[in-house]
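S.K.: The structure follows.
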Amino acid sequence: MTTIAEIVQPSGILSQGNADLLRSEITSLLEKGVKIILIDFQDVTFMTSSGIGALVATLKAVNAADGKLYICSLSEQVKNIFELTKMEQIFRPLANRQEFEEKVLIEIA
Amino acid sequence: MLKLNTYAQFFQYYQLSVDSNYESLDKVLSWFEALRKPFIPRQVWIECQTMLGEGFDNVLAHAHEKLPKETPIDIEVIILSQLIILKIWDWGSGFDIEQQKIRVSQGVDQYAENGRGIQILEQTAEHVGYINSDGERNYLLIIKMYVPLPAISTSSPL
């Protein structure tokens with residue numbers, strides 16, 4: 001049996017210094033055959049636009065692998081940077097993990 | 001006779017110096033958080049945090065990319081009654097910010113993986129500049145206007 005959904009939960013500050021880590025973590029999940037990925041931002045206290053860049057790269061990789069990428073639980077500042085870069089239109093952030101579970105259940109049912 | 005009116009002008013100046021590494025951003029943000037005044041709207045403060053993060057990332061990725069970790073990044077914050085001024089100093093060779101402004105004014109591709117820093121600053125601040133000040137150092141200048149929140153009255157309602 002393969003895992004079809006995985007949750008990635010980064011923590012702390014997401015900036016130029018570690019944005020690539022997030023990207024490579026997700027690439028390795030895709031290589032294992034994971035199709036549905038949630039990045040839970042609950043513990044991300046701050047993000048710069050480098051984080052947005054890494055997410056865009058990640059989204060492209062997930063789309064290329066026919067997968068689905070979700071994000072949830074954005075803090076006020078993270079929400080601010082999503083809005084400023086108009087990325088909320090592309091990523092459509094979910095409120096929390098529960099909303100993700102409901103969405104995924106519908107999709108795989 | 002000349003009469004001079006003096007106004008109690010609100011002016012506060014803060015300065016912090018940190019090393020050139022990514023861990024310093026944590027220090028910058030906690031320091032900045034402690035400077036917040038009750039009359040500055042929360043959204044404005046969050047936008048200033050976001051802009052500080054962009055300026056800081058930019059110094060590390062470009063200006064100080066090839067400089068030793070000990071190279072200081074100096075941050076200045078000036079709070080006036082309706083303005084917040086942020087200055088982020090670097091020791092790099094400088095760049096043409098006006099060129100970058102023109103580039104982002106034509107729109108940033110939604111699927112671009114970098115180059116959003118200037119876009120964020122331009123959209124959020126009233127003025128963004130990059131100034132070579134003394135032939136040695138440069139600073140990113142960010143001017144953000146705000147409408148102060150009314151003071152919370154402690155008197156009992158009528």
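Following the order of the structure tokens, first chain is A, next is B, and so on, with residues numbered from 1 inside each chain and ligands from 1 in the order they appear.
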Could you work out which residues of chain B fall inside 10 Å of chain A? Count only C-alpha atoms, and format the result as number ranges by chain.
M.R.: B: 21-23, 25-26, 29, 42-43, 45-58, 60-61, 108, 110-121, 123-124
S.K.: If DSSP is run on the backbone, what residues of chain A are helix (DSSP H, G or I)? A reply as a PyMOL selection string would be ideal.
M.R.: chain A and resi 19-31+49-64+76-84+88-91+97-108
S.K.: Could you dump the residues just selected with C-alpha atoms as a tab-separated table (two decimals), in the first residue's frame?
M.R.:
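Saved to result-v5.tsv:
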chain	number	residue	atom	x	y	z
A	19	ALA	CA	13.10	27.74	1.47
A	20	ASP	CA	14.95	25.13	-0.59
A	21	LEU	CA	14.55	22.58	2.21
A	22	LEU	CA	10.78	22.77	1.89
A	23	ARG	CA	10.99	22.34	-1.85
A	24	SER	CA	13.27	19.28	-1.64
A	25	GLU	CA	11.15	17.68	1.09
A	26	ILE	CA	8.14	17.81	-1.19
A	27	THR	CA	10.05	16.66	-4.24
A	28	SER	CA	11.09	13.55	-2.30
A	29	LEU	CA	7.47	12.86	-1.33
A	30	LEU	CA	6.47	13.07	-5.00
A	31	GLU	CA	9.24	10.62	-5.87
A	49	SER	CA	8.86	36.12	-0.60
A	50	SER	CA	11.56	33.45	-0.92
A	51	GLY	CA	9.01	31.15	0.69
A	52	ILE	CA	6.49	32.13	-1.99
A	53	GLY	CA	9.11	31.32	-4.64
A	54	ALA	CA	9.70	27.89	-3.12
A	55	LEU	CA	5.95	27.23	-2.97
A	56	VAL	CA	5.49	28.16	-6.62
A	57	ALA	CA	8.32	25.79	-7.59
A	58	THR	CA	6.73	23.11	-5.43
A	59	LEU	CA	3.33	23.64	-7.01
A	60	LYS	CA	4.81	23.23	-10.48
A	61	ALA	CA	6.46	19.96	-9.42
A	62	VAL	CA	3.23	18.67	-7.84
A	63	ASN	CA	1.20	19.58	-10.94
A	64	ALA	CA	3.76	17.88	-13.19
A	76	GLU	CA	-1.50	36.91	9.85
A	77	GLN	CA	1.89	37.79	8.40
A	78	VAL	CA	2.01	34.77	6.08
A	79	LYS	CA	-1.50	35.66	4.90
A	80	ASN	CA	-0.26	39.22	4.29
A	81	ILE	CA	2.54	38.07	1.99
A	82	PHE	CA	0.16	35.76	0.10
A	83	GLU	CA	-2.19	38.67	-0.49
A	84	LEU	CA	0.55	41.11	-1.50
A	88	GLU	CA	-3.95	33.37	-2.48
A	89	GLN	CA	-5.66	33.13	-5.89
A	90	ILE	CA	-3.29	30.36	-6.95
A	91	PHE	CA	-2.99	28.42	-3.70
A	97	ARG	CA	-6.35	20.70	8.75
A	98	GLN	CA	-9.98	19.79	9.22
A	99	GLU	CA	-10.98	21.61	6.05
A	100	PHE	CA	-8.22	19.71	4.24
A	101	GLU	CA	-9.47	16.36	5.48
A	102	GLU	CA	-12.99	17.16	4.34
A	103	LYS	CA	-11.76	18.18	0.89
A	104	VAL	CA	-9.56	15.12	0.46
A	105	LEU	CA	-12.30	12.76	1.59
A	106	ILE	CA	-14.53	14.12	-1.15
A	107	GLU	CA	-11.80	13.71	-3.72
A	108	ILE	CA	-10.83	10.14	-2.94
S.K.: List every residue of chain B that DSSP, applied to the backbone of this structure, places in strand (DSSP E), and write the result as number ranges by chain.
M.R.: B: 11-18, 73-80, 83-90, 127-132, 138-145
S.K.: Any chance you could export the current selection's N, CA and C atoms as an mmCIF file, in the first residue's frame?
M.R.:
data_model
loop_
_atom_site.group_PDB
_atom_site.id
_atom_site.type_symbol
_atom_site.label_atom_id
_atom_site.label_comp_id
_atom_site.auth_asym_id
_atom_site.auth_seq_id
_atom_site.Cartn_x
_atom_site.Cartn_y
_atom_site.Cartn_z
ATOM 1 N N PHE B 11 8.503 61.469 18.049
ATOM 2 C CA PHE B 11 9.637 60.996 17.271
ATOM 3 C C PHE B 11 10.394 59.968 18.090
ATOM 4 N N GLN B 12 10.470 58.761 17.554
ATOM 5 C CA GLN B 12 11.251 57.757 18.267
ATOM 6 C C GLN B 12 12.186 57.056 17.309
ATOM 7 N N TYR B 13 13.404 56.868 17.779
ATOM 8 C CA TYR B 13 14.439 56.292 16.930
ATOM 9 C C TYR B 13 14.990 55.032 17.583
ATOM 10 N N TYR B 14 15.112 53.977 16.788
ATOM 11 C CA TYR B 14 15.644 52.712 17.297
ATOM 12 C C TYR B 14 16.660 52.171 16.309
ATOM 13 N N GLN B 15 17.660 51.478 16.837
ATOM 14 C CA GLN B 15 18.685 50.941 15.957
ATOM 15 C C GLN B 15 19.125 49.570 16.452
ATOM 16 N N LEU B 16 19.376 48.665 15.502
ATOM 17 C CA LEU B 16 19.839 47.317 15.842
ATOM 18 C C LEU B 16 20.872 46.892 14.814
ATOM 19 N N SER B 17 21.907 46.202 15.278
ATOM 20 C CA SER B 17 22.931 45.698 14.377
ATOM 21 C C SER B 17 23.024 44.187 14.549
ATOM 22 N N VAL B 18 22.966 43.458 13.424
ATOM 23 C CA VAL B 18 23.051 41.989 13.512
ATOM 24 C C VAL B 18 24.058 41.461 12.501
ATOM 25 N N ILE B 73 24.612 44.023 9.525
ATOM 26 C CA ILE B 73 23.434 44.595 8.858
ATOM 27 C C ILE B 73 22.813 45.497 9.920
ATOM 28 N N ASP B 74 22.724 46.770 9.620
ATOM 29 C CA ASP B 74 22.160 47.704 10.588
ATOM 30 C C ASP B 74 20.734 48.051 10.203
ATOM 31 N N ILE B 75 19.881 48.019 11.197
ATOM 32 C CA ILE B 75 18.474 48.338 10.951
ATOM 33 C C ILE B 75 18.130 49.575 11.771
ATOM 34 N N GLU B 76 17.483 50.534 11.142
ATOM 35 C CA GLU B 76 17.010 51.716 11.870
ATOM 36 C C GLU B 76 15.503 51.821 11.688
ATOM 37 N N VAL B 77 14.853 52.140 12.758
ATOM 38 C CA VAL B 77 13.403 52.336 12.710
ATOM 39 C C VAL B 77 13.114 53.705 13.322
ATOM 40 N N ILE B 78 12.401 54.517 12.566
ATOM 41 C CA ILE B 78 12.012 55.825 13.083
ATOM 42 C C ILE B 78 10.492 55.875 13.058
ATOM 43 N N ILE B 79 9.922 56.147 14.208
ATOM 44 C CA ILE B 79 8.460 56.210 14.279
ATOM 45 C C ILE B 79 8.054 57.657 14.528
ATOM 46 N N LEU B 80 7.294 58.190 13.592
ATOM 47 C CA LEU B 80 6.727 59.530 13.735
ATOM 48 C C LEU B 80 5.224 59.373 13.932
ATOM 49 N N LEU B 83 4.064 58.352 10.376
ATOM 50 C CA LEU B 83 5.013 57.736 9.445
ATOM 51 C C LEU B 83 5.898 56.727 10.157
ATOM 52 N N ILE B 84 6.226 55.665 9.445
ATOM 53 C CA ILE B 84 7.241 54.741 9.948
ATOM 54 C C ILE B 84 8.339 54.703 8.884
ATOM 55 N N ILE B 85 9.561 54.942 9.308
ATOM 56 C CA ILE B 85 10.675 54.912 8.374
ATOM 57 C C ILE B 85 11.574 53.732 8.737
ATOM 58 N N LEU B 86 11.840 52.888 7.749
ATOM 59 C CA LEU B 86 12.723 51.748 7.972
ATOM 60 C C LEU B 86 13.953 51.930 7.100
ATOM 61 N N LYS B 87 15.122 51.719 7.688
ATOM 62 C CA LYS B 87 16.357 51.769 6.898
ATOM 63 C C LYS B 87 17.118 50.480 7.156
ATOM 64 N N ILE B 88 17.545 49.838 6.073
ATOM 65 C CA ILE B 88 18.323 48.612 6.209
ATOM 66 C C ILE B 88 19.657 48.835 5.499
ATOM 67 N N TRP B 89 20.721 48.865 6.290
ATOM 68 C CA TRP B 89 22.039 49.206 5.770
ATOM 69 C C TRP B 89 22.827 47.977 5.356
ATOM 70 N N ASP B 90 23.519 48.093 4.220
ATOM 71 C CA ASP B 90 24.392 46.990 3.812
ATOM 72 C C ASP B 90 25.734 47.516 3.318
ATOM 73 N N HIS B 127 6.969 55.062 -0.135
ATOM 74 C CA HIS B 127 8.208 55.339 -0.866
ATOM 75 C C HIS B 127 9.238 54.250 -0.584
ATOM 76 N N VAL B 128 9.924 53.835 -1.637
ATOM 77 C CA VAL B 128 11.011 52.868 -1.497
ATOM 78 C C VAL B 128 12.212 53.419 -2.250
ATOM 79 N N GLY B 129 13.338 53.511 -1.590
ATOM 80 C CA GLY B 129 14.548 53.983 -2.258
ATOM 81 C C GLY B 129 15.746 53.161 -1.846
ATOM 82 N N TYR B 130 16.816 53.278 -2.600
ATOM 83 C CA TYR B 130 18.042 52.580 -2.242
ATOM 84 C C TYR B 130 19.163 53.576 -2.445
ATOM 85 N N ILE B 131 19.836 53.912 -1.367
ATOM 86 C CA ILE B 131 20.727 55.062 -1.392
ATOM 87 C C ILE B 131 22.144 54.684 -0.997
ATOM 88 N N ASN B 132 23.096 55.117 -1.840
ATOM 89 C CA ASN B 132 24.496 54.942 -1.499
ATOM 90 C C ASN B 132 24.874 56.166 -0.700
ATOM 91 N N ASN B 138 25.251 51.291 1.770
ATOM 92 C CA ASN B 138 23.983 51.644 1.119
ATOM 93 C C ASN B 138 22.873 51.408 2.123
ATOM 94 N N TYR B 139 21.761 52.059 1.901
ATOM 95 C CA TYR B 139 20.592 51.666 2.683
ATOM 96 C C TYR B 139 19.332 51.634 1.844
ATOM 97 N N LEU B 140 18.524 50.648 2.212
ATOM 98 C CA LEU B 140 17.196 50.546 1.627
ATOM 99 C C LEU B 140 16.309 51.418 2.501
ATOM 100 N N LEU B 141 15.624 52.344 1.873
ATOM 101 C CA LEU B 141 14.768 53.269 2.613
ATOM 102 C C LEU B 141 13.304 52.942 2.326
ATOM 103 N N ILE B 142 12.569 52.715 3.393
ATOM 104 C CA ILE B 142 11.145 52.385 3.241
ATOM 105 C C ILE B 142 10.347 53.390 4.069
ATOM 106 N N ILE B 143 9.413 54.059 3.428
ATOM 107 C CA ILE B 143 8.568 54.997 4.170
ATOM 108 C C ILE B 143 7.118 54.538 4.094
ATOM 109 N N LYS B 144 6.576 54.284 5.257
ATOM 110 C CA LYS B 144 5.200 53.789 5.337
ATOM 111 C C LYS B 144 4.360 54.782 6.130
ATOM 112 N N MET B 145 3.259 55.213 5.536
ATOM 113 C CA MET B 145 2.370 56.133 6.234
ATOM 114 C C MET B 145 1.297 55.345 6.970
#
S.K.: Name all residues at most 7 Å from region 33-41 of chain A (count only C-alpha atoms; drop same-chain ones fewer than 2 positions away) and give them as a list in words.
M.R.: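 In the requested format, the answer is Thr3, Ile4, Ala5, Glu6, Ile7, Val8, Gln9, Pro10, Leu29, Leu30, Glu31, Asp43, Val44, Gly67, Lys68, Leu69, Tyr70, Ile71, Cys72, Ser73 and Leu74 of chain A.
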S.K.: Limited to C-alpha atoms, could you put the picked residues into a file as a PDB file, in the first residue's frame?
M.R.:
ATOM      1  CA  THR A   3       0.529   6.587   1.130  1.00  0.00           C
ATOM      2  CA  ILE A   4      -1.477   8.907  -1.049  1.00  0.00           C
ATOM      3  CA  ALA A   5      -1.665  11.928   1.229  1.00  0.00           C
ATOM      4  CA  GLU A   6       1.103  13.438   3.345  1.00  0.00           C
ATOM      5  CA  ILE A   7       1.207  16.429   5.640  1.00  0.00           C
ATOM      6  CA  VAL A   8       4.333  18.561   5.846  1.00  0.00           C
ATOM      7  CA  GLN A   9       4.552  20.895   8.820  1.00  0.00           C
ATOM      8  CA  PRO A  10       7.455  23.353   8.679  1.00  0.00           C
ATOM      9  CA  LEU A  29       7.467  12.860  -1.334  1.00  0.00           C
ATOM     10  CA  LEU A  30       6.471  13.066  -5.002  1.00  0.00           C
ATOM     11  CA  GLU A  31       9.237  10.620  -5.865  1.00  0.00           C
ATOM     12  CA  ASP A  43       4.015  26.714  13.177  1.00  0.00           C
ATOM     13  CA  VAL A  44       5.436  29.062  10.556  1.00  0.00           C
ATOM     14  CA  GLY A  67      -0.700  15.568  -7.701  1.00  0.00           C
ATOM     15  CA  LYS A  68      -2.530  18.103  -5.570  1.00  0.00           C
ATOM     16  CA  LEU A  69      -1.012  20.658  -3.236  1.00  0.00           C
ATOM     17  CA  TYR A  70      -2.892  22.262  -0.371  1.00  0.00           C
ATOM     18  CA  ILE A  71      -1.807  24.752   2.243  1.00  0.00           C
ATOM     19  CA  CYS A  72      -3.545  25.639   5.492  1.00  0.00           C
ATOM     20  CA  SER A  73      -3.389  27.544   8.790  1.00  0.00           C
ATOM     21  CA  LEU A  74      -1.622  30.710   7.689  1.00  0.00           C
TER      22      LEU A  74
END
S.K.: Any idea what's packed within 8 Å of region 33-41 of chain B, counting only C-alpha atoms, ignoring anything in its chain fewer than 2 positions away? Could you give it as a list of chain:residue names?
M.R.: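 Here the answer would be B:Leu29, B:Ser30, B:Trp31, B:Gln43, B:Val44, B:Trp45, B:Tyr146, B:Val147, B:Pro148, B:Leu149, B:Pro150, B:Ala151.
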S.K.: When you draw a straight line from CA of Glu98 (chain B) to CA of Gln82 (chain B), how long is it in Å?
M.R.: 25.8 Å
S.K.: Got a sec: who's within 9 Å of His64 (chain B), counting only C-alpha atoms, leaving out chain neighbours fewer than 5 positions off, as a list in words?
M.R.: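 Skipping anything fewer than 5 positions along the chain leaves Ser20, Asn58, Val59, Lys69, Thr71, Ile73, Asp90, Trp91, Gly92 and Ser93 of chain B.
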S.K.: Emit the selected residues as a CSV table (one decimal), in the first residue's frame, including N, CA and C atoms.
M.R.:
chain,number,residue,atom,x,y,z
B,20,SER,N,25.5,38.9,9.5
B,20,SER,CA,24.9,38.5,8.2
B,20,SER,C,24.6,37.0,8.1
B,58,ASN,N,17.0,40.2,1.1
B,58,ASN,CA,17.7,40.8,0.0
B,58,ASN,C,19.2,41.1,0.2
B,59,VAL,N,19.5,41.6,1.4
B,59,VAL,CA,20.9,41.9,1.8
B,59,VAL,C,21.6,40.6,1.8
B,69,LYS,N,30.3,36.5,7.3
B,69,LYS,CA,29.1,36.5,8.2
B,69,LYS,C,29.2,37.6,9.2
B,71,THR,N,29.9,40.6,8.8
B,71,THR,CA,29.5,41.9,8.2
B,71,THR,C,28.2,42.3,8.8
B,73,ILE,N,24.6,44.0,9.5
B,73,ILE,CA,23.4,44.6,8.9
B,73,ILE,C,22.8,45.5,9.9
B,90,ASP,N,23.5,48.1,4.2
B,90,ASP,CA,24.4,47.0,3.8
B,90,ASP,C,25.7,47.5,3.3
B,91,TRP,N,26.7,46.6,3.2
B,91,TRP,CA,28.0,46.9,2.7
B,91,TRP,C,28.3,46.4,1.3
B,92,GLY,N,27.3,46.1,0.6
B,92,GLY,CA,27.4,45.6,-0.8
B,92,GLY,C,27.8,46.6,-1.8
B,93,SER,N,27.8,46.1,-3.1
B,93,SER,CA,28.2,47.1,-4.1
B,93,SER,C,27.1,47.8,-4.7
S.K.: One number please: CA of Glu122 (chain B) to CA of Glu65 (chain B), in Å, one decimal.
M.R.: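 CA of Glu65 (chain B) lies 23.3 Å from CA of Glu122 (chain B).
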S.K.: I need the residue nearest Leu67 (chain B) from this list: B:Asp19, B:Gln99, B:Asp109, B:Glu126. Use only C-alpha atoms for the distance.
M.R.: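 Looking only at the distances to Leu67 (chain B), the closest residue turns out to be B:Asp19.
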